[in-house]
Number of protein chains: 2
Amino acid sequence: MKALKIPEATITRLSIYSRFLKRLDKKGITTVSSGDIAEGVGVSPAQVRKDLAYFGEFGTRGVGYNVKDLIRYTVKILGLSEPWNLVMVGAGNLGSALVTYREFKDRGFSIVGVFDNDLTKIGKRIADLEVLPLEEMPEMVKEYNVRIGIIAVPSKAAQDIADIMIKSGLEALLNFAPISLNVPDYVEVRNVDLSVKLEILTFNLALREK
Amino acid sequence: MKALKIPEATITRLSIYSRFLKRLDKKGITTVSSGDIAEGVGVSPAQVRKDLAYFGEFGTRGVGYNVKDLIRYTVKILGLSEPWNLVMVGAGNLGSALVTYREFKDRGFSIVGVFDNDLTKIGKRIADLEVLPLEEMPEMVKEYNVRIGIIAVPSKAAQDIADIMIKSGLEALLNFAPISLNVPDYVEVRNVDLSVKLEILTFNLALREK
DNA sequence: CGACAATTTTATATATATTTTAACATCTTT
DNA sequence: AAAGATGTTAAAATATATATAAAATTGTCG
């Protein structure tokens, strides 16, 4: 069915458009042009139209896009029409912050389990969840139909944890550890590297001195 | 001096190479080939060489790269030869987690001040720092020669906070709020959007059902 | 022991593919 | 009919991959 390959950059922007549109909707705005979206998120209008064009015709020439409709379309495209249950591994500072991160909830993500292999953390509570030992992950994955897991553990542990998560039945991993994970082909992995953008800033600032 | 424009993707990868190399060094490995690096971080060997070629010739044909030397070069290129002082705005869960985030310290970043405009948070301690009111930022920026600030506040507040940070003298912002900031040309901004990669995963998982 | 060939690996040039930008024809509304 | 905005095609710019050339090391054989 899917003939055309979609650039990942397009998906990235779609996610950003989608959330921008939700803010417009909350403000009561009903119609929007590609130029409005472009300005709101910092890209070109042509880029917005091109990105949307991969998936269909959602606008009306001479008019623009209906905000509510376009939200529905983008949400559908991103696979967010139905809520997703997630598990988190790592009950440290970062893991705890992500468990309570509002934006995830707003987008339909629900963290149903937090795991750690550190005995001092197991049993503690984060929000309304009790930190559980990793052994209990397979059961939870099955019970809550979890397909995606978040890794917020130290780099050293990340690969082992990933292996365990995959064995537990997960198909996709969001990895906050700054290392490259080795996983089977059927597992999707994306890394969130918290340092990279910071180092892009230092690179640019350092250039100024030249 | 800098004639050639360097792709941002190259800087991104350089940051990743640099940290990968540090891990090799810690293991006692002294020499590395582009292929080793490529495998370690998940790109092609040609890509590694091309990225490095923007900045000079760092390797020896037939041999590879000296790990320690290449670390020095990448660190220098990224502007990390000297440590950087940062300020953080937002003493919520995410801000607190980032203040204690080990990786930042390892790369030479030192958070010297945490600010918030929430009276209930001011005065609290995060690690060894007291949360301060925003009014005290200009002084700290000056005293500690801070050029980069991190924004970890709710989206609604982010633009106002950014304005204040810029007025305080900052030149670069790392923004964790999922909105696009309006800033003067001389200010560098990079966004870290914690939801985007998650939605790339859901997009890909949703595709499988097609 | 020295010369030369084979191997390894970088650096560079070339080609391919992808992504972005720009231009334009088309459709709505006023 | 004019203005505004999309969808689409074409062009330009970027980025990636491939191929080749050059340099250093290792191994081999006379």
# chains A, B, ... in the order shown; residues from 1 in each chain; ligands from 1
$ select_by_dssp --residues "range 75-145 of chain B" --states "helix (DSSP H, G or I)" --output "NGL selection string"
:B and (75-77 or 93-99 or 102-106 or 134-143)
$ residues_around --residues "range 13-19 of chain C" --least-positions-apart "6" --cutoff "9 Å" --atoms "only C-alpha atoms (C1' of nucleotides)" --output "ChimeraX atom specification"
/A:7 /D:13-20
$ closest_atom_pairs --of "chain A" --to "chain D" --cutoff "9 Å" --atoms "only C-alpha atoms (C1' of nucleotides)" --output "CSV"
residue,atom,partner,partner_atom,distance
A:Ser33,CA,D:DA5,C1',7.2
A:Ser34,CA,D:DA5,C1',8.2
A:Arg49,CA,D:DG7,C1',7.8
A:Lys50,CA,D:DG7,C1',8.5
A:Ala53,CA,D:DG7,C1',7.3
A:Glu57,CA,D:DG7,C1',7.4
A:Gly59,CA,D:DT6,C1',6.4
A:Thr60,CA,D:DT6,C1',6.1
A:Arg61,CA,D:DT6,C1',4.1
A:Gly62,CA,D:DA5,C1',4.0
A:Val63,CA,D:DA5,C1',5.6
A:Gly64,CA,D:DA5,C1',6.0
$ write_last_selection --atoms "C-alpha atoms" --output "CSV table (one decimal), in the first residue's frame"
chain,number,residue,atom,x,y,z
A,33,SER,CA,-3.0,28.6,6.2
A,34,SER,CA,0.3,26.9,5.5
A,49,ARG,CA,2.4,22.0,2.1
A,50,LYS,CA,4.9,19.5,0.8
A,53,ALA,CA,1.1,16.4,0.4
A,57,GLU,CA,-5.1,16.8,0.2
A,59,GLY,CA,-6.9,21.9,2.6
A,60,THR,CA,-9.1,24.0,0.4
A,61,ARG,CA,-7.5,26.2,-2.3
A,62,GLY,CA,-8.1,29.8,-1.7
A,63,VAL,CA,-9.1,29.0,1.9
A,64,GLY,CA,-6.6,27.0,3.9
$ interface_residues --of "chain C" --to "chain B" --cutoff "12 Å" --atoms "only C-alpha atoms (C1' of nucleotides)" --output "list in words"
DT7, DT8, DT9, DT10, DA11, DT12 and DA13 of chain C
$ residues_around --residues "range 145-160 of chain A" --least-positions-apart "5" --cutoff "8 Å" --atoms "only C-alpha atoms (C1' of nucleotides)" --output "VMD selection string"
(chain A and resid 84 to 92 94 to 95 140 165 169 to 179 181 to 182) or (chain B and resid 201)
$ write_last_selection --atoms "N, CA and C atoms" --output "mmCIF file, in the first residue's frame"
data_model
loop_
_atom_site.group_PDB
_atom_site.id
_atom_site.type_symbol
_atom_site.label_atom_id
_atom_site.label_comp_id
_atom_site.auth_asym_id
_atom_site.auth_seq_id
_atom_site.Cartn_x
_atom_site.Cartn_y
_atom_site.Cartn_z
ATOM 1 N N TRP A 84 -1.552 5.186 23.730
ATOM 2 C CA TRP A 84 -0.473 4.201 23.827
ATOM 3 C C TRP A 84 -0.060 4.020 25.285
ATOM 4 N N ASN A 85 0.100 2.779 25.671
ATOM 5 C CA ASN A 85 0.669 2.499 26.990
ATOM 6 C C ASN A 85 2.175 2.316 26.862
ATOM 7 N N LEU A 86 2.906 2.898 27.782
ATOM 8 C CA LEU A 86 4.362 2.813 27.745
ATOM 9 C C LEU A 86 4.892 2.228 29.047
ATOM 10 N N VAL A 87 6.101 1.693 28.977
ATOM 11 C CA VAL A 87 6.823 1.393 30.217
ATOM 12 C C VAL A 87 8.111 2.201 30.229
ATOM 13 N N MET A 88 8.510 2.552 31.431
ATOM 14 C CA MET A 88 9.733 3.315 31.624
ATOM 15 C C MET A 88 10.722 2.454 32.386
ATOM 16 N N VAL A 89 11.959 2.432 31.951
ATOM 17 C CA VAL A 89 12.988 1.770 32.751
ATOM 18 C C VAL A 89 13.995 2.817 33.191
ATOM 19 N N GLY A 90 14.192 2.880 34.493
ATOM 20 C CA GLY A 90 15.072 3.901 35.058
ATOM 21 C C GLY A 90 14.265 4.843 35.925
ATOM 22 N N ALA A 91 14.424 4.706 37.221
ATOM 23 C CA ALA A 91 13.650 5.527 38.150
ATOM 24 C C ALA A 91 14.530 6.596 38.784
ATOM 25 N N GLY A 92 15.547 7.017 38.052
ATOM 26 C CA GLY A 92 16.406 8.107 38.514
ATOM 27 C C GLY A 92 15.746 9.450 38.278
ATOM 28 N N LEU A 94 16.016 11.566 35.737
ATOM 29 C CA LEU A 94 15.455 11.754 34.403
ATOM 30 C C LEU A 94 14.205 10.916 34.206
ATOM 31 N N GLY A 95 14.285 9.648 34.556
ATOM 32 C CA GLY A 95 13.129 8.769 34.429
ATOM 33 C C GLY A 95 11.922 9.309 35.181
ATOM 34 N N MET A 140 3.583 -7.128 32.690
ATOM 35 C CA MET A 140 2.925 -5.840 32.472
ATOM 36 C C MET A 140 2.782 -5.527 30.989
ATOM 37 N N MET A 165 14.184 -5.584 27.689
ATOM 38 C CA MET A 165 12.928 -4.993 27.228
ATOM 39 C C MET A 165 12.422 -5.697 25.970
ATOM 40 N N GLY A 169 8.998 -8.308 25.166
ATOM 41 C CA GLY A 169 7.968 -8.189 24.140
ATOM 42 C C GLY A 169 7.812 -6.819 23.514
ATOM 43 N N LEU A 170 8.667 -5.885 23.880
ATOM 44 C CA LEU A 170 8.544 -4.542 23.310
ATOM 45 C C LEU A 170 9.051 -4.499 21.871
ATOM 46 N N GLU A 171 8.449 -3.598 21.096
ATOM 47 C CA GLU A 171 8.806 -3.480 19.679
ATOM 48 C C GLU A 171 9.488 -2.168 19.340
ATOM 49 N N ALA A 172 9.466 -1.228 20.280
ATOM 50 C CA ALA A 172 10.041 0.083 19.996
ATOM 51 C C ALA A 172 10.626 0.660 21.270
ATOM 52 N N LEU A 173 11.783 1.294 21.134
ATOM 53 C CA LEU A 173 12.480 1.837 22.297
ATOM 54 C C LEU A 173 12.840 3.302 22.064
ATOM 55 N N LEU A 174 12.539 4.108 23.054
ATOM 56 C CA LEU A 174 12.985 5.496 23.043
ATOM 57 C C LEU A 174 14.137 5.575 24.039
ATOM 58 N N ASN A 175 15.322 5.788 23.519
ATOM 59 C CA ASN A 175 16.530 5.657 24.331
ATOM 60 C C ASN A 175 17.150 7.005 24.690
ATOM 61 N N PHE A 176 17.188 7.302 25.970
ATOM 62 C CA PHE A 176 17.799 8.551 26.434
ATOM 63 C C PHE A 176 19.269 8.381 26.807
ATOM 64 N N ALA A 177 19.773 7.157 26.780
ATOM 65 C CA ALA A 177 21.200 6.954 27.064
ATOM 66 C C ALA A 177 21.996 7.291 25.810
ATOM 67 N N PRO A 178 23.090 8.024 25.969
ATOM 68 C CA PRO A 178 23.814 8.480 24.789
ATOM 69 C C PRO A 178 24.730 7.425 24.193
ATOM 70 N N ILE A 179 24.161 6.303 23.860
ATOM 71 C CA ILE A 179 24.912 5.273 23.157
ATOM 72 C C ILE A 179 24.016 4.635 22.114
ATOM 73 N N LEU A 181 22.309 1.558 20.457
ATOM 74 C CA LEU A 181 21.849 0.243 20.895
ATOM 75 C C LEU A 181 21.839 -0.756 19.751
ATOM 76 N N ASN A 182 22.158 -1.976 20.099
ATOM 77 C CA ASN A 182 22.093 -3.077 19.156
ATOM 78 C C ASN A 182 20.785 -3.825 19.333
ATOM 79 N N LEU B 201 8.190 6.886 16.581
ATOM 80 C CA LEU B 201 7.999 5.467 16.882
ATOM 81 C C LEU B 201 6.556 5.043 16.630
#
$ residues_around --residues "Leu21 in chain A" --least-positions-apart "3" --cutoff "8 Å" --atoms "only C-alpha atoms (C1' of nucleotides)" --output "PyMOL selection string"
chain A and resi 17-18+24-25+37+67+70-71
$ closest_residue --among "A:Leu134, A:Leu14, A:Ala97, A:Ile126" --to "chain B" --atoms "only C-alpha atoms"
A:Ala97
$ atom_distance --atom1 "CA of Arg208 in chain B" --atom2 "CA of Val187 in chain A"
11.7 Å
$ closest_atom_pairs --of "chain A" --to "chain B" --cutoff "7 Å" --atoms "only C-alpha atoms" --output "tab-separated table"
residue	atom	partner	partner_atom	distance
A:Ile11	CA	B:Ile200	CA	6.4
A:Thr12	CA	B:Val196	CA	5.9
A:Ser15	CA	B:Val196	CA	6.0
A:Gly40	CA	B:Ser180	CA	6.9
A:Val41	CA	B:Ser180	CA	5.4
A:Gly42	CA	B:Ser180	CA	6.6
A:Ile77	CA	B:Phe203	CA	6.8
A:Leu78	CA	B:Phe203	CA	4.5
A:Gly79	CA	B:Phe203	CA	5.1
A:Asn93	CA	B:Ala97	CA	4.8
A:Leu94	CA	B:Ala97	CA	5.1
A:Ala97	CA	B:Asn93	CA	4.8
A:Phe104	CA	B:Ser195	CA	6.6
A:Ala172	CA	B:Leu201	CA	6.5
A:Leu174	CA	B:Leu198	CA	6.5
A:Ser180	CA	B:Val41	CA	5.4
A:Glu188	CA	B:Leu201	CA	6.7
A:Arg190	CA	B:Lys197	CA	6.2
A:Ser195	CA	B:Phe104	CA	6.6
A:Val196	CA	B:Thr12	CA	5.9
A:Lys197	CA	B:Arg190	CA	6.2
A:Leu198	CA	B:Leu174	CA	6.5
A:Glu199	CA	B:Leu78	CA	6.3
A:Ile200	CA	B:Ile11	CA	6.4
A:Leu201	CA	B:Ala172	CA	6.6
A:Thr202	CA	B:Gly79	CA	5.5
A:Phe203	CA	B:Leu78	CA	4.5
A:Ala206	CA	B:Gly79	CA	5.2
A:Lys210	CA	B:Met1	CA	7.0
$ select_by_dssp --residues "range 102-159 of chain B" --states "strand (DSSP E or B)" --output "list in words"
Phe109, Ser110, Ile111, Val112, Gly113, Val114, Phe115, Asp116, Arg125, Ile126, Leu129, Glu130, Val131, Leu132, Pro133, Ile148, Gly149, Ile150 and Ile151 of chain B
